[in-house]
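Listing of query28.txt; format and content: compact mmCIF, C-alpha atoms.
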# COMPACT_ATOMS: atom_id res chain seq x y z
CA MET A 2 -0.15 40.36 26.75
CA PHE A 3 0.93 41.45 23.28
CA ILE A 4 -1.48 42.21 20.42
CA ASP A 5 -0.87 42.37 16.68
CA ILE A 6 -3.73 44.63 15.68
CA HIS A 7 -3.22 44.21 11.92
CA SER A 8 -1.84 41.38 9.81
CA HIS A 9 -2.64 39.48 6.63
CA LEU A 10 -2.45 35.83 7.60
CA ASP A 11 -4.16 34.78 4.36
CA TYR A 12 -1.19 36.10 2.35
CA GLU A 13 1.68 33.89 1.33
CA PRO A 14 4.02 32.74 2.69
CA LEU A 15 2.16 33.05 6.02
CA PHE A 16 -0.91 31.08 4.95
CA SER A 17 1.13 28.02 3.94
CA GLU A 18 2.96 28.18 7.28
CA ILE A 19 -0.03 29.15 9.41
CA GLY A 20 0.46 26.48 12.07
CA SER A 21 4.01 27.55 12.86
CA VAL A 22 3.13 31.25 12.47
CA VAL A 23 0.42 30.98 15.16
CA LYS A 24 2.68 28.85 17.36
CA ASN A 25 5.47 31.43 17.09
CA ALA A 26 3.03 34.17 18.02
CA SER A 27 1.79 32.33 21.10
CA SER A 28 5.35 31.50 22.17
CA SER A 29 6.25 35.20 21.92
CA GLY A 30 3.46 36.18 24.30
CA LEU A 31 0.78 37.27 21.85
CA LYS A 32 -2.79 36.87 23.08
CA ILE A 33 -4.46 38.37 20.01
CA VAL A 34 -3.58 38.41 16.32
CA VAL A 35 -5.99 40.31 14.08
CA THR A 36 -6.07 39.26 10.44
CA ALA A 37 -7.63 41.72 8.01
CA GLY A 38 -9.90 40.95 5.08
CA ILE A 39 -9.65 43.24 2.05
CA HIS A 40 -11.81 41.57 -0.63
CA PRO A 41 -14.38 38.75 -0.78
CA GLU A 42 -11.87 35.88 -0.89
CA SER A 43 -9.70 37.47 1.78
CA ASN A 44 -12.72 38.07 4.01
CA ARG A 45 -13.69 34.42 3.86
CA ALA A 46 -10.13 33.34 4.58
CA ALA A 47 -10.03 35.66 7.60
CA LEU A 48 -13.18 34.07 9.02
CA LYS A 49 -11.76 30.58 8.46
CA LEU A 50 -8.51 31.47 10.22
CA ALA A 51 -10.34 33.02 13.17
CA ALA A 52 -12.49 29.90 13.49
CA GLY A 53 -9.42 27.68 13.45
CA TYR A 54 -7.16 29.44 15.96
CA ASP A 55 -8.19 30.86 19.32
CA ILE A 56 -5.80 33.81 19.26
CA VAL A 57 -6.78 34.89 15.73
CA LYS A 58 -9.52 37.49 15.34
CA ALA A 59 -10.97 38.64 12.02
CA THR A 60 -11.82 41.99 10.53
CA LEU A 61 -13.76 42.16 7.27
CA GLY A 62 -13.58 44.99 4.78
CA LEU A 63 -13.21 46.14 1.19
CA TYR A 64 -9.97 47.77 0.05
CA PRO A 65 -10.25 50.41 -2.69
CA VAL A 66 -11.12 48.34 -5.75
CA ASP A 67 -9.06 50.22 -8.35
CA ALA A 68 -6.00 50.23 -6.09
CA LEU A 69 -6.26 46.49 -5.58
CA GLN A 70 -6.68 45.96 -9.33
CA ASN A 71 -3.49 47.91 -10.00
CA GLU A 72 -1.58 45.99 -7.34
CA LEU A 73 -2.68 42.67 -8.85
CA GLU A 74 -1.52 43.81 -12.29
CA GLU A 75 1.84 44.92 -10.89
CA ASN A 76 2.21 41.44 -9.40
CA GLY A 77 1.60 39.86 -12.79
CA GLN A 78 -1.98 38.73 -12.12
CA ALA A 79 -4.03 39.34 -15.25
CA GLY A 80 -7.76 39.87 -15.44
CA THR A 81 -10.24 42.42 -14.20
CA TYR A 82 -10.88 42.52 -10.49
CA SER A 83 -14.41 43.50 -9.52
CA VAL A 84 -16.57 43.37 -6.41
CA ASP A 85 -20.30 43.22 -5.89
CA VAL A 86 -20.22 45.74 -3.05
CA ASP A 87 -23.82 45.29 -1.96
CA LYS A 88 -23.40 41.51 -1.84
CA GLU A 89 -20.22 41.77 0.22
CA ILE A 90 -21.76 44.25 2.64
CA ALA A 91 -24.61 41.78 3.14
CA PHE A 92 -22.04 39.04 3.81
CA ILE A 93 -20.25 41.18 6.40
CA ARG A 94 -23.56 42.04 8.00
CA GLU A 95 -24.43 38.35 8.25
CA ASN A 96 -21.11 37.62 9.97
CA ARG A 97 -21.11 40.56 12.35
CA GLU A 98 -20.85 38.34 15.44
CA LYS A 99 -17.68 36.69 14.12
CA ILE A 100 -15.64 39.84 13.62
CA VAL A 101 -14.02 42.46 15.83
CA ALA A 102 -13.98 45.36 13.36
CA ILE A 103 -14.65 46.61 9.85
CA GLY A 104 -11.38 46.77 7.95
CA GLU A 105 -9.21 47.04 6.12
CA ILE A 106 -10.99 49.94 4.46
CA GLY A 107 -10.03 53.41 3.33
CA LEU A 108 -8.38 55.34 0.53
CA ASP A 109 -5.31 54.71 -1.60
CA PHE A 110 -4.51 57.59 -3.94
CA LYS A 111 -1.02 56.28 -4.67
CA THR A 112 -2.00 52.98 -6.27
CA GLY A 113 -5.55 53.87 -7.31
CA LYS A 114 -6.72 57.00 -9.11
CA ASP A 115 -10.53 56.81 -9.11
CA LYS A 116 -10.99 59.07 -6.11
CA ASP A 117 -14.76 59.44 -6.42
CA GLU A 118 -15.35 55.68 -6.43
CA GLN A 119 -12.90 55.17 -3.57
CA ILE A 120 -14.65 57.78 -1.45
CA LYS A 121 -18.06 56.27 -2.25
CA LEU A 122 -16.91 52.82 -1.12
CA PHE A 123 -15.18 54.25 1.95
CA ARG A 124 -18.39 55.95 3.04
CA GLN A 125 -20.40 52.77 2.47
CA MET A 126 -18.04 50.88 4.77
CA LEU A 127 -18.13 53.61 7.41
CA ASP A 128 -21.93 53.55 7.30
CA LEU A 129 -21.79 49.79 7.83
CA ALA A 130 -19.48 50.18 10.82
CA LEU A 131 -21.89 52.63 12.43
CA GLU A 132 -24.81 50.29 11.72
CA LEU A 133 -23.02 47.29 13.26
CA ASP A 134 -21.37 49.31 16.05
CA LYS A 135 -17.92 48.07 15.08
CA PRO A 136 -14.55 49.86 15.15
CA VAL A 137 -12.93 50.66 11.81
CA VAL A 138 -9.36 49.91 10.69
CA ILE A 139 -8.42 52.49 8.08
CA HIS A 140 -5.79 52.55 5.35
CA SER A 141 -4.98 56.00 3.94
CA ARG A 142 -2.05 56.01 1.53
CA LYS A 143 -1.37 59.45 0.07
CA ALA A 144 -4.90 60.30 1.24
CA GLU A 145 -4.46 60.99 4.93
CA SER A 146 -6.01 64.46 4.90
CA ASP A 147 -8.97 63.30 2.80
CA ALA A 148 -9.62 60.36 5.13
CA LEU A 149 -9.63 62.59 8.20
CA ASP A 150 -11.97 65.08 6.51
CA ILE A 151 -14.43 62.30 5.66
CA LEU A 152 -14.27 60.91 9.20
CA ASP A 153 -15.49 64.29 10.46
CA ASP A 154 -18.93 63.23 9.18
CA TYR A 155 -18.96 60.06 11.31
CA LYS A 156 -19.28 60.93 14.96
CA GLY A 157 -19.01 58.15 17.49
CA LEU A 158 -16.90 55.80 15.38
CA ARG A 159 -14.03 54.00 17.09
CA VAL A 160 -11.22 54.69 14.65
CA ILE A 161 -7.89 52.89 14.24
CA LEU A 162 -5.60 54.49 11.69
CA HIS A 163 -3.43 51.67 10.38
CA CYS A 164 0.14 52.62 9.48
CA PHE A 165 -0.76 56.32 9.33
CA SER A 166 1.91 58.20 7.37
CA GLY A 167 0.46 61.70 7.35
CA LYS A 168 2.40 64.83 8.24
CA LYS A 169 2.85 65.77 11.88
CA LYS A 170 -0.04 68.24 11.78
CA LEU A 171 -2.33 65.40 10.64
CA VAL A 172 -1.03 63.11 13.38
CA ILE A 173 -1.90 65.85 15.87
CA LYS A 174 -5.35 66.25 14.30
CA ALA A 175 -6.01 62.52 14.56
CA ARG A 176 -4.73 62.43 18.11
CA ASP A 177 -6.89 65.35 19.17
CA LYS A 178 -9.96 63.66 17.68
CA GLY A 179 -9.32 60.68 19.94
CA TYR A 180 -8.41 58.29 17.14
CA PHE A 181 -6.02 55.40 17.67
CA LEU A 182 -2.83 55.02 15.65
CA THR A 183 -0.78 51.90 15.07
CA VAL A 184 2.95 51.44 15.42
CA PRO A 185 4.21 49.02 12.75
CA THR A 186 7.26 46.86 13.25
CA ASN A 187 9.38 48.85 10.81
CA VAL A 188 9.38 51.54 13.52
CA VAL A 189 12.80 50.18 14.41
CA ARG A 190 14.19 52.15 11.43
CA SER A 191 11.43 54.70 10.75
CA GLN A 192 11.96 58.14 12.25
CA GLN A 193 8.42 59.08 11.24
CA PHE A 194 6.83 56.39 13.40
CA GLN A 195 9.27 57.02 16.23
CA ASP A 196 8.17 60.68 16.20
CA MET A 197 4.54 59.54 16.22
CA ILE A 198 5.18 57.57 19.42
CA ARG A 199 6.44 60.78 21.02
CA MET A 200 3.42 62.77 19.83
CA VAL A 201 0.62 60.36 20.73
CA PRO A 202 -0.24 59.18 24.26
CA LEU A 203 0.07 55.45 24.85
CA ARG A 204 -3.67 55.22 25.56
CA GLN A 205 -4.16 55.95 21.83
CA LEU A 206 -1.62 53.51 20.39
CA PHE A 207 -1.72 49.94 19.12
CA CYS A 208 1.03 47.78 17.64
CA GLU A 209 0.89 45.98 14.32
CA THR A 210 3.03 43.98 11.93
CA ASP A 211 1.08 44.34 8.66
CA SER A 212 2.74 41.00 8.06
CA PRO A 213 4.06 39.66 5.79
CA TYR A 214 5.11 43.27 5.06
CA LEU A 215 7.06 45.92 7.05
CA SER A 216 9.42 43.48 8.75
CA PRO A 217 11.67 44.86 11.49
CA PHE A 218 14.39 42.59 10.15
CA ARG A 219 15.83 43.41 6.74
CA GLU A 220 15.35 40.81 4.01
CA LYS A 221 13.13 38.70 6.28
CA ARG A 222 9.39 38.36 5.85
CA ASN A 223 7.32 39.64 8.73
CA GLU A 224 5.04 37.64 11.03
CA PRO A 225 2.89 38.43 14.11
CA ALA A 226 5.52 37.22 16.60
CA PHE A 227 7.69 40.17 15.55
CA VAL A 228 5.16 42.71 16.88
CA VAL A 229 7.17 42.59 20.10
CA GLU A 230 9.70 44.85 18.34
CA SER A 231 7.08 47.62 18.20
CA TYR A 232 6.43 47.24 21.93
CA LYS A 233 10.16 47.42 22.63
CA LYS A 234 10.51 50.67 20.71
CA ILE A 235 7.47 52.21 22.40
CA ALA A 236 8.82 51.27 25.83
CA GLU A 237 12.22 52.71 24.95
CA ILE A 238 10.82 56.02 23.70
CA LYS A 239 8.23 56.38 26.46
CA GLY A 240 10.78 55.43 29.13
CA MET A 241 8.84 52.57 30.66
CA ASP A 242 9.01 48.83 31.12
CA ILE A 243 7.73 46.80 28.18
CA SER A 244 5.23 44.99 30.40
CA GLU A 245 3.73 48.33 31.46
CA ALA A 246 3.40 49.40 27.82
CA ALA A 247 1.80 46.05 26.95
CA ASN A 248 -0.73 46.38 29.77
CA ILE A 249 -1.80 49.85 28.67
CA ILE A 250 -2.20 48.75 25.05
CA TYR A 251 -4.20 45.73 26.17
CA ASN A 252 -6.47 48.13 28.07
CA ASN A 253 -6.84 50.07 24.81
CA TRP A 254 -8.06 46.86 23.17
CA GLN A 255 -10.62 46.33 25.90
CA ARG A 256 -11.92 49.89 25.53
CA VAL A 257 -12.19 49.80 21.74
CA PHE A 258 -13.25 46.22 21.05
What does the file become when written as structure tokens?
Amino acid sequence: MFIDIHSHLDYEPLFSEIGSVVKNASSSGLKIVVTAGIHPESNRAALKLAAGYDIVKATLGLYPVDALQNELEENGQAGTYSVDVDKEIAFIRENREKIVAIGEIGLDFKTGKDKDEQIKLFRQMLDLALELDKPVVIHSRKAESDALDILDDYKGLRVILHCFSGKKKLVIKARDKGYFLTVPTNVVRSQQFQDMIRMVPLRQLFCETDSPYLSPFREKRNEPAFVVESYKKIAEIKGMDISEAANIIYNNWQRVF
């Protein structure tokens, strides 16, 4: 019973191929595909996808606004990106029964530079997760230590650190706090994530694709069906059968969600 804990099904080219993408996932043994919202339009798309496909579950969140603005500009999309944060929080609150977590949220000090505003938004989303009693799926690019320090103020949160790329001492800190870490499909060629598998017990791991990014296959766009590659690498490193690894990770899902 495989799970892709983090994908972006509303991104192209996945969205245009959504029927075959979901069919491929089901055929590969996936029971759950989580698609993450990152801004108002993405959040609404995530809800629509979850309503349309039984295996798709939605998370709703707000990505750091300045980081997203910079990414849009790098992709040639002109204009100023802005978010009415209070309005979007109200929208997420209204749809609490339709989502499995708050995310993707967090900090991105590589693409965005307004640290104070990022931290303010991050805390607002963490407060919302506590209010709604939902897990959080956290992005922390070049901000891993800061994110962990902030999380110290939020006891009782069920934390999933998506694609965590912090140093080994930070992986150990996250592990010892009982947080969950995800193994993306590019683990097949990433020594960092392979080391993380060795450092973190399986009862604190999930698998993700972050599709259409981080493909395990060079020059091929990623999709949820490929999450099986993460399970294969975990089973190899942990020295167990892939079905045993999948069962433990499914139990993780039941405990967290």
Given the point (-15.2, 54.4, 9.9) in the coordinates of this file, which residues lie within 6 Å, counting all atoms listed in the file, and how would they look as an mmCIF file with C-alpha atoms, in the frame of the given file?
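Result file is out-v4.cif:
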data_model
loop_
_atom_site.group_PDB
_atom_site.id
_atom_site.type_symbol
_atom_site.label_atom_id
_atom_site.label_comp_id
_atom_site.auth_asym_id
_atom_site.auth_seq_id
_atom_site.Cartn_x
_atom_site.Cartn_y
_atom_site.Cartn_z
ATOM 1 C CA LEU A 127 -18.130 53.610 7.410
ATOM 2 C CA VAL A 137 -12.930 50.660 11.810
ATOM 3 C CA LEU A 158 -16.900 55.800 15.380
#
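Minimum atom-to-atom distances from A:Ser212, A:Asn223, A:Gln125, A:Ser231 to A:Thr183 were compared using only C-alpha atoms, and the lowest value belongs to A:Ser231.
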Problem - From A:Gly157, A:Pro185, A:Gly107, A:Gly62, residue lying nearest A:Lys143 [all atoms listed in the file] - result: A:Gly107
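Of the residues listed (A:Val160, A:Ala175, A:Ala236, A:Val66), A:Val66 shows the shortest atom-to-atom separation from A:Leu122; distances use all atoms listed in the file.
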Exercise for the section: Within 9 Å of A:Ser29, counting all atoms listed in the file, which residues show up once you throw out same-chain ones fewer than 4 positions away? Write them as an MDAnalysis selection string, please. Expected result: chainID A and resid 3 24:25 226:227 229
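Residues surrounding A:Ile120 within 10 Å are A:Pro65, A:Gly107, A:Leu108, A:Asp109, A:Asp115, A:Lys116, A:Asp117, A:Glu118, A:Leu122, A:Phe123, A:Arg124, A:Gln125, A:Met126, A:Asp147, A:Ala148, A:Ile151 [only C-alpha atoms; sequence separation below 2 positions excluded].
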Dump of C-alpha atoms for the selected residues, as a PDB file, in the frame of the given file:
ATOM      1  CA  PRO A  65     -10.250  50.410  -2.690  1.00  0.00           C
ATOM      2  CA  GLY A 107     -10.030  53.410   3.330  1.00  0.00           C
ATOM      3  CA  LEU A 108      -8.380  55.340   0.530  1.00  0.00           C
ATOM      4  CA  ASP A 109      -5.310  54.710  -1.600  1.00  0.00           C
ATOM      5  CA  ASP A 115     -10.530  56.810  -9.110  1.00  0.00           C
ATOM      6  CA  LYS A 116     -10.990  59.070  -6.110  1.00  0.00           C
ATOM      7  CA  ASP A 117     -14.760  59.440  -6.420  1.00  0.00           C
ATOM      8  CA  GLU A 118     -15.350  55.680  -6.430  1.00  0.00           C
ATOM      9  CA  LEU A 122     -16.910  52.820  -1.120  1.00  0.00           C
ATOM     10  CA  PHE A 123     -15.180  54.250   1.950  1.00  0.00           C
ATOM     11  CA  ARG A 124     -18.390  55.950   3.040  1.00  0.00           C
ATOM     12  CA  GLN A 125     -20.400  52.770   2.470  1.00  0.00           C
ATOM     13  CA  MET A 126     -18.040  50.880   4.770  1.00  0.00           C
ATOM     14  CA  ASP A 147      -8.970  63.300   2.800  1.00  0.00           C
ATOM     15  CA  ALA A 148      -9.620  60.360   5.130  1.00  0.00           C
ATOM     16  CA  ILE A 151     -14.430  62.300   5.660  1.00  0.00           C
TER      17      ILE A 151
END
Where's the centre, and what are the edge lengths in Å to one decimal, of a box along x, y and z enclosing all listed atoms of stretch 178-188 of chain A padded 4 Å per side, as lines of an AutoDock Vina configuration file?
center_x = -0.3
center_y = 55.3
center_z = 15.4
size_x = 27.3
size_y = 24.8
size_z = 17.1
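Residues within 9 Å of A:Leu61, counting all atoms listed in the file and excluding same-chain residues fewer than 4 positions away, are Thr36, Ala37, Gly38, Ile39, His40, Pro41, Ser43, Asn44, Arg45, Ala47, Leu48, Ile93, Ile100, Val101, Ala102, Ile103, Gly104, Glu105 and Ile106 of chain A.
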Practice task
Could you give me, as a list in words, the residues that have an atom at most 8 Å away from the point (-13.2, 54.2, 21.9) in the coordinates of the file, using all atoms listed in the file?
Solution key: Leu158, Arg159, Val160, Gly179, Tyr180, Arg256 and Val257 of chain A
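With all atoms listed in the file as the atoms that count, the residue of A:Ala91, A:Leu129, A:Leu206, A:Leu50 with the shortest distance to A:Tyr155 is A:Leu129.
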Problem - Length of the atom CA of A:Glu98 to atom CA of A:Glu132 vector [Å] - result: 13.1 Å
